[in-house]
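> Mind looking over this structure? Questions follow.
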Amino acid sequence: MLFRPNDDALYAALLARDPSHEGRVFACVKTTGIFCRLTCAARKPFRRNVVFHDSVSACVEDGFKPCKRCKPLQSASETDPTIEALIAALEANPSRRWREDDLVRMKFDPSTVRRLFRRRYGITFLDLARRLRLRRGAEALASGRQVIDAQLDAGFESASGFRIAFARLLGVSPANFTGNEALKADWIDTPIGSMIAVASERALHLLEFFDRKALPIELKAIQRSAGAQIGIGQFPPIEQVRHELAAYFKGEACRFDTRLQLTGQSFQRLVWAELMLIRPGDTRSYATLAILIGRPSAVRAVARANGANRIGIIIPCHRVIGSDGSLTGYGGGIWRKQWLLEHERKYFSLGLTVSEA
């Protein structure tokens, strides 16, 4: 949905087991790693431990598993026996590597299954199963497990199958990880979903929400521009930005001193520099940005440069809105853009800049 209640209102709906958001918003509990319907009867988590997502696919990509009590994957299954049967099969064996042949053997038409799952979840059944396996493997690798262990945890039948699936996310084969990569990636939890940070020893190259559709393309572009492969782990810039983001989301500070590595054309860097002058709690339109950089006719080019930003929040592209005041596109999702703007208006003075707060 385009505009949704803020997270505090959604948390109140979770406490009240309000059914009005059924199928449109899911509660993800960081302490248990599961996601639930807002009507779930399970014991309610503390507010600080809950994030909200608008789709099943976003919950899965953020590393959460479906709740066994409220069964969020089955919220519409009562009206469709195909969905009911396949979700039951997936829950019974989440590590299975599903193929279209399996659907045919179960006497389902693969094209019908694709249509049903896209309409209900925004993702195909085969992609849902693959992402659940992939997240299990990614979590195992991030915790220091061996590649073969991660492969088995993810339910892949071969190392090559796991490499191919993992490459879709990070653009790097886990079998090639040496621990000596010049670039490393790690996950950072936030109240509005996990982010992925990529850094060298000296600078941050990327900070994006994990469910951003363009993320795989951006990761490959970073590797090309840096001439280096991305591994999994931490460098000092990642740890630094992790602490700075924690302070930002708590409303304690809006200061980011992490060194950035910006790769882009001169026009893009000019736009990004102007973005960083927008004060927390304030906004600019694309047209105003174009005027400020001395290119009043380049409104569309400014919008493209804004969308090409790979350093979310620090380079605050979320502070750019339409000339009519509307919330325009944002790679992390319109609801996140609204959340960030409301958060900054609530906590940060208009007299402070990002570097001075």
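Each chain in the structure tokens gets a letter, A, B, ..., in the order shown, and its residues are numbered from 1; ligands are numbered from 1 in order too.
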Each residue of range 5-81 of chain A with at least one atom at most 7 Å from range 109-132 of chain A should appear once, together with its nearest atom pair and the corresponding distance in Å (one decimal); atoms considered: only C-alpha atoms; ordering: chain, then increasing residue number; output as CSV.


```
residue,atom,partner,partner_atom,distance
A:Ser55,CA,A:Tyr121,CA,6.6
A:Val56,CA,A:Tyr121,CA,6.0
A:Ser57,CA,A:Ile123,CA,6.5
A:Val60,CA,A:Leu132,CA,6.4
A:Glu61,CA,A:Arg131,CA,6.8
```

> Could you tell me, as an mmCIF file with N, CA and C atoms, in the first residue's frame, which residues of range 204-310 of chain A DSSP assigns to helix (DSSP H, G or I) when given the backbone?


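Contents of result-v2.cif, as written:
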```cif
data_model
loop_
_atom_site.group_PDB
_atom_site.id
_atom_site.type_symbol
_atom_site.label_atom_id
_atom_site.label_comp_id
_atom_site.auth_asym_id
_atom_site.auth_seq_id
_atom_site.Cartn_x
_atom_site.Cartn_y
_atom_site.Cartn_z
ATOM 1 N N LEU A 215 19.570 -4.204 -5.456
ATOM 2 C CA LEU A 215 20.762 -4.539 -4.683
ATOM 3 C C LEU A 215 21.730 -5.463 -5.418
ATOM 4 N N PRO A 216 21.286 -6.562 -6.008
ATOM 5 C CA PRO A 216 22.253 -7.430 -6.708
ATOM 6 C C PRO A 216 23.015 -6.695 -7.804
ATOM 7 N N ILE A 217 22.337 -5.813 -8.535
ATOM 8 C CA ILE A 217 22.992 -5.048 -9.596
ATOM 9 C C ILE A 217 24.022 -4.096 -8.997
ATOM 10 N N GLU A 218 23.657 -3.457 -7.890
ATOM 11 C CA GLU A 218 24.578 -2.519 -7.247
ATOM 12 C C GLU A 218 25.827 -3.221 -6.730
ATOM 13 N N LEU A 219 25.651 -4.411 -6.172
ATOM 14 C CA LEU A 219 26.795 -5.146 -5.642
ATOM 15 C C LEU A 219 27.772 -5.530 -6.749
ATOM 16 N N LYS A 220 27.243 -5.938 -7.881
ATOM 17 C CA LYS A 220 28.105 -6.279 -9.013
ATOM 18 C C LYS A 220 28.834 -5.042 -9.528
ATOM 19 N N ALA A 221 28.140 -3.905 -9.557
ATOM 20 C CA ALA A 221 28.758 -2.668 -10.031
ATOM 21 C C ALA A 221 29.898 -2.236 -9.105
ATOM 22 N N ILE A 222 29.711 -2.419 -7.811
ATOM 23 C CA ILE A 222 30.757 -2.052 -6.852
ATOM 24 C C ILE A 222 31.994 -2.911 -7.070
ATOM 25 N N GLN A 223 31.785 -4.192 -7.289
ATOM 26 C CA GLN A 223 32.925 -5.082 -7.524
ATOM 27 C C GLN A 223 33.684 -4.696 -8.789
ATOM 28 N N ARG A 224 32.927 -4.300 -9.825
ATOM 29 C CA ARG A 224 33.593 -3.888 -11.067
ATOM 30 C C ARG A 224 34.402 -2.609 -10.866
ATOM 31 N N SER A 225 33.791 -1.633 -10.211
ATOM 32 C CA SER A 225 34.476 -0.349 -10.044
ATOM 33 C C SER A 225 35.682 -0.462 -9.111
ATOM 34 N N ALA A 226 35.575 -1.331 -8.103
ATOM 35 C CA ALA A 226 36.681 -1.495 -7.151
ATOM 36 C C ALA A 226 37.708 -2.515 -7.628
ATOM 37 N N PRO A 236 36.478 -1.983 9.655
ATOM 38 C CA PRO A 236 36.156 -0.900 10.593
ATOM 39 C C PRO A 236 35.025 0.032 10.149
ATOM 40 N N PRO A 237 34.923 0.422 8.857
ATOM 41 C CA PRO A 237 33.810 1.314 8.480
ATOM 42 C C PRO A 237 32.430 0.708 8.730
ATOM 43 N N ILE A 238 32.317 -0.611 8.609
ATOM 44 C CA ILE A 238 31.020 -1.243 8.861
ATOM 45 C C ILE A 238 30.672 -1.163 10.329
ATOM 46 N N GLU A 239 31.627 -1.419 11.178
ATOM 47 C CA GLU A 239 31.364 -1.348 12.610
ATOM 48 C C GLU A 239 31.050 0.090 13.024
ATOM 49 N N GLN A 240 31.750 1.045 12.414
ATOM 50 C CA GLN A 240 31.493 2.451 12.750
ATOM 51 C C GLN A 240 30.093 2.867 12.337
ATOM 52 N N VAL A 241 29.690 2.524 11.112
ATOM 53 C CA VAL A 241 28.360 2.939 10.663
ATOM 54 C C VAL A 241 27.269 2.189 11.415
ATOM 55 N N ARG A 242 27.566 0.998 11.887
ATOM 56 C CA ARG A 242 26.592 0.259 12.699
ATOM 57 C C ARG A 242 26.258 1.056 13.963
ATOM 58 N N HIS A 243 27.284 1.574 14.641
ATOM 59 C CA HIS A 243 27.069 2.364 15.864
ATOM 60 C C HIS A 243 26.373 3.689 15.545
ATOM 61 N N GLU A 244 26.747 4.314 14.436
ATOM 62 C CA GLU A 244 26.130 5.588 14.077
ATOM 63 C C GLU A 244 24.654 5.410 13.720
ATOM 64 N N LEU A 245 24.333 4.326 13.037
ATOM 65 C CA LEU A 245 22.938 4.050 12.714
ATOM 66 C C LEU A 245 22.122 3.750 13.971
ATOM 67 N N ALA A 246 22.734 3.040 14.913
ATOM 68 C CA ALA A 246 22.032 2.742 16.162
ATOM 69 C C ALA A 246 21.645 4.032 16.873
ATOM 70 N N ALA A 247 22.569 4.994 16.919
ATOM 71 C CA ALA A 247 22.274 6.282 17.554
ATOM 72 C C ALA A 247 21.210 7.042 16.768
ATOM 73 N N TYR A 248 21.274 6.955 15.456
ATOM 74 C CA TYR A 248 20.283 7.641 14.614
ATOM 75 C C TYR A 248 18.889 7.091 14.864
ATOM 76 N N PHE A 249 18.739 5.787 14.857
ATOM 77 C CA PHE A 249 17.409 5.199 15.017
ATOM 78 C C PHE A 249 16.872 5.361 16.438
ATOM 79 N N LYS A 250 17.758 5.509 17.409
ATOM 80 C CA LYS A 250 17.306 5.775 18.775
ATOM 81 C C LYS A 250 16.922 7.234 18.971
ATOM 82 N N SER A 266 30.509 12.878 -12.289
ATOM 83 C CA SER A 266 30.667 14.162 -11.588
ATOM 84 C C SER A 266 29.311 14.795 -11.286
ATOM 85 N N PHE A 267 28.347 14.662 -12.198
ATOM 86 C CA PHE A 267 27.022 15.224 -11.948
ATOM 87 C C PHE A 267 26.351 14.523 -10.775
ATOM 88 N N GLN A 268 26.471 13.211 -10.718
ATOM 89 C CA GLN A 268 25.878 12.464 -9.611
ATOM 90 C C GLN A 268 26.487 12.887 -8.281
ATOM 91 N N ARG A 269 27.801 13.011 -8.246
ATOM 92 C CA ARG A 269 28.465 13.408 -6.995
ATOM 93 C C ARG A 269 28.059 14.823 -6.584
ATOM 94 N N LEU A 270 27.803 15.675 -7.578
ATOM 95 C CA LEU A 270 27.344 17.032 -7.289
ATOM 96 C C LEU A 270 25.973 16.992 -6.612
ATOM 97 N N VAL A 271 25.082 16.141 -7.121
ATOM 98 C CA VAL A 271 23.751 15.989 -6.527
ATOM 99 C C VAL A 271 23.860 15.404 -5.125
ATOM 100 N N TRP A 272 24.693 14.382 -4.968
ATOM 101 C CA TRP A 272 24.827 13.737 -3.655
ATOM 102 C C TRP A 272 25.373 14.718 -2.614
ATOM 103 N N ALA A 273 26.308 15.554 -3.030
ATOM 104 C CA ALA A 273 26.851 16.556 -2.101
ATOM 105 C C ALA A 273 25.752 17.519 -1.647
ATOM 106 N N GLU A 274 24.867 17.888 -2.564
ATOM 107 C CA GLU A 274 23.767 18.784 -2.215
ATOM 108 C C GLU A 274 22.765 18.088 -1.291
ATOM 109 N N LEU A 275 22.557 16.788 -1.520
ATOM 110 C CA LEU A 275 21.660 16.023 -0.652
ATOM 111 C C LEU A 275 22.132 16.074 0.802
ATOM 112 N N TYR A 286 12.894 17.841 -6.278
ATOM 113 C CA TYR A 286 13.877 17.622 -7.339
ATOM 114 C C TYR A 286 14.166 18.938 -8.067
ATOM 115 N N ALA A 287 13.120 19.717 -8.297
ATOM 116 C CA ALA A 287 13.304 20.988 -8.993
ATOM 117 C C ALA A 287 14.184 21.943 -8.189
ATOM 118 N N THR A 288 13.969 21.979 -6.878
ATOM 119 C CA THR A 288 14.796 22.849 -6.024
ATOM 120 C C THR A 288 16.242 22.396 -6.037
ATOM 121 N N LEU A 289 16.469 21.086 -5.984
ATOM 122 C CA LEU A 289 17.842 20.572 -6.046
ATOM 123 C C LEU A 289 18.519 20.977 -7.339
ATOM 124 N N ALA A 290 17.778 20.886 -8.437
ATOM 125 C CA ALA A 290 18.349 21.263 -9.728
ATOM 126 C C ALA A 290 18.781 22.731 -9.731
ATOM 127 N N ILE A 291 17.972 23.588 -9.127
ATOM 128 C CA ILE A 291 18.322 25.005 -9.046
ATOM 129 C C ILE A 291 19.549 25.202 -8.165
ATOM 130 N N LEU A 292 19.596 24.505 -7.042
ATOM 131 C CA LEU A 292 20.693 24.674 -6.088
ATOM 132 C C LEU A 292 22.048 24.264 -6.661
ATOM 133 N N VAL A 299 16.033 18.553 -14.060
ATOM 134 C CA VAL A 299 15.238 17.937 -12.989
ATOM 135 C C VAL A 299 15.245 16.415 -13.103
ATOM 136 N N ARG A 300 15.057 15.900 -14.305
ATOM 137 C CA ARG A 300 15.045 14.444 -14.479
ATOM 138 C C ARG A 300 16.407 13.829 -14.193
ATOM 139 N N ALA A 301 17.461 14.516 -14.591
ATOM 140 C CA ALA A 301 18.811 14.016 -14.318
ATOM 141 C C ALA A 301 19.077 13.999 -12.815
ATOM 142 N N VAL A 302 18.564 15.000 -12.112
ATOM 143 C CA VAL A 302 18.692 15.030 -10.653
ATOM 144 C C VAL A 302 17.969 13.834 -10.042
ATOM 145 N N ALA A 303 16.767 13.535 -10.551
ATOM 146 C CA ALA A 303 16.011 12.390 -10.039
ATOM 147 C C ALA A 303 16.765 11.089 -10.275
ATOM 148 N N ARG A 304 17.397 10.953 -11.451
ATOM 149 C CA ARG A 304 18.170 9.732 -11.740
ATOM 150 C C ARG A 304 19.382 9.624 -10.820
ATOM 151 N N ALA A 305 20.044 10.734 -10.579
ATOM 152 C CA ALA A 305 21.198 10.721 -9.676
ATOM 153 C C ALA A 305 20.766 10.366 -8.262
ATOM 154 N N ASN A 306 19.609 10.868 -7.864
ATOM 155 C CA ASN A 306 19.065 10.550 -6.551
ATOM 156 C C ASN A 306 18.832 9.049 -6.427
ATOM 157 N N GLY A 307 18.270 8.441 -7.477
ATOM 158 C CA GLY A 307 18.012 7.006 -7.457
ATOM 159 C C GLY A 307 19.265 6.165 -7.541
#
```

> Taking only C-alpha atoms into account, which of A:Ala203, A:Leu103, A:Val50, A:Leu86 comes nearest Asp257 in chain A?

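Result for the nearest residue to Asp257 in chain A: A:Ala203.
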
> Choose the residue, out of A:Glu22, A:Glu100, A:Glu84, A:Asp282, that has the smallest atom-to-atom separation from His318 in chain A; count only C-alpha atoms.

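The shortest atom-to-atom distance to His318 in chain A comes from A:Asp282.
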
> Please list as a count of residues only every residue within 12 Å of Gly251 in chain A, counting only C-alpha atoms and excluding residues in the same chain fewer than 2 positions away.

21

> Would you list the contacts of Arg24 in chain A as a ChimeraX atom specification, taking every protein, DNA or RNA residue within 10 Å and counting only C-alpha atoms, but skipping same-chain residues closer than 3 positions in sequence?

/A:1,4,20-21,37-38,53-56,121
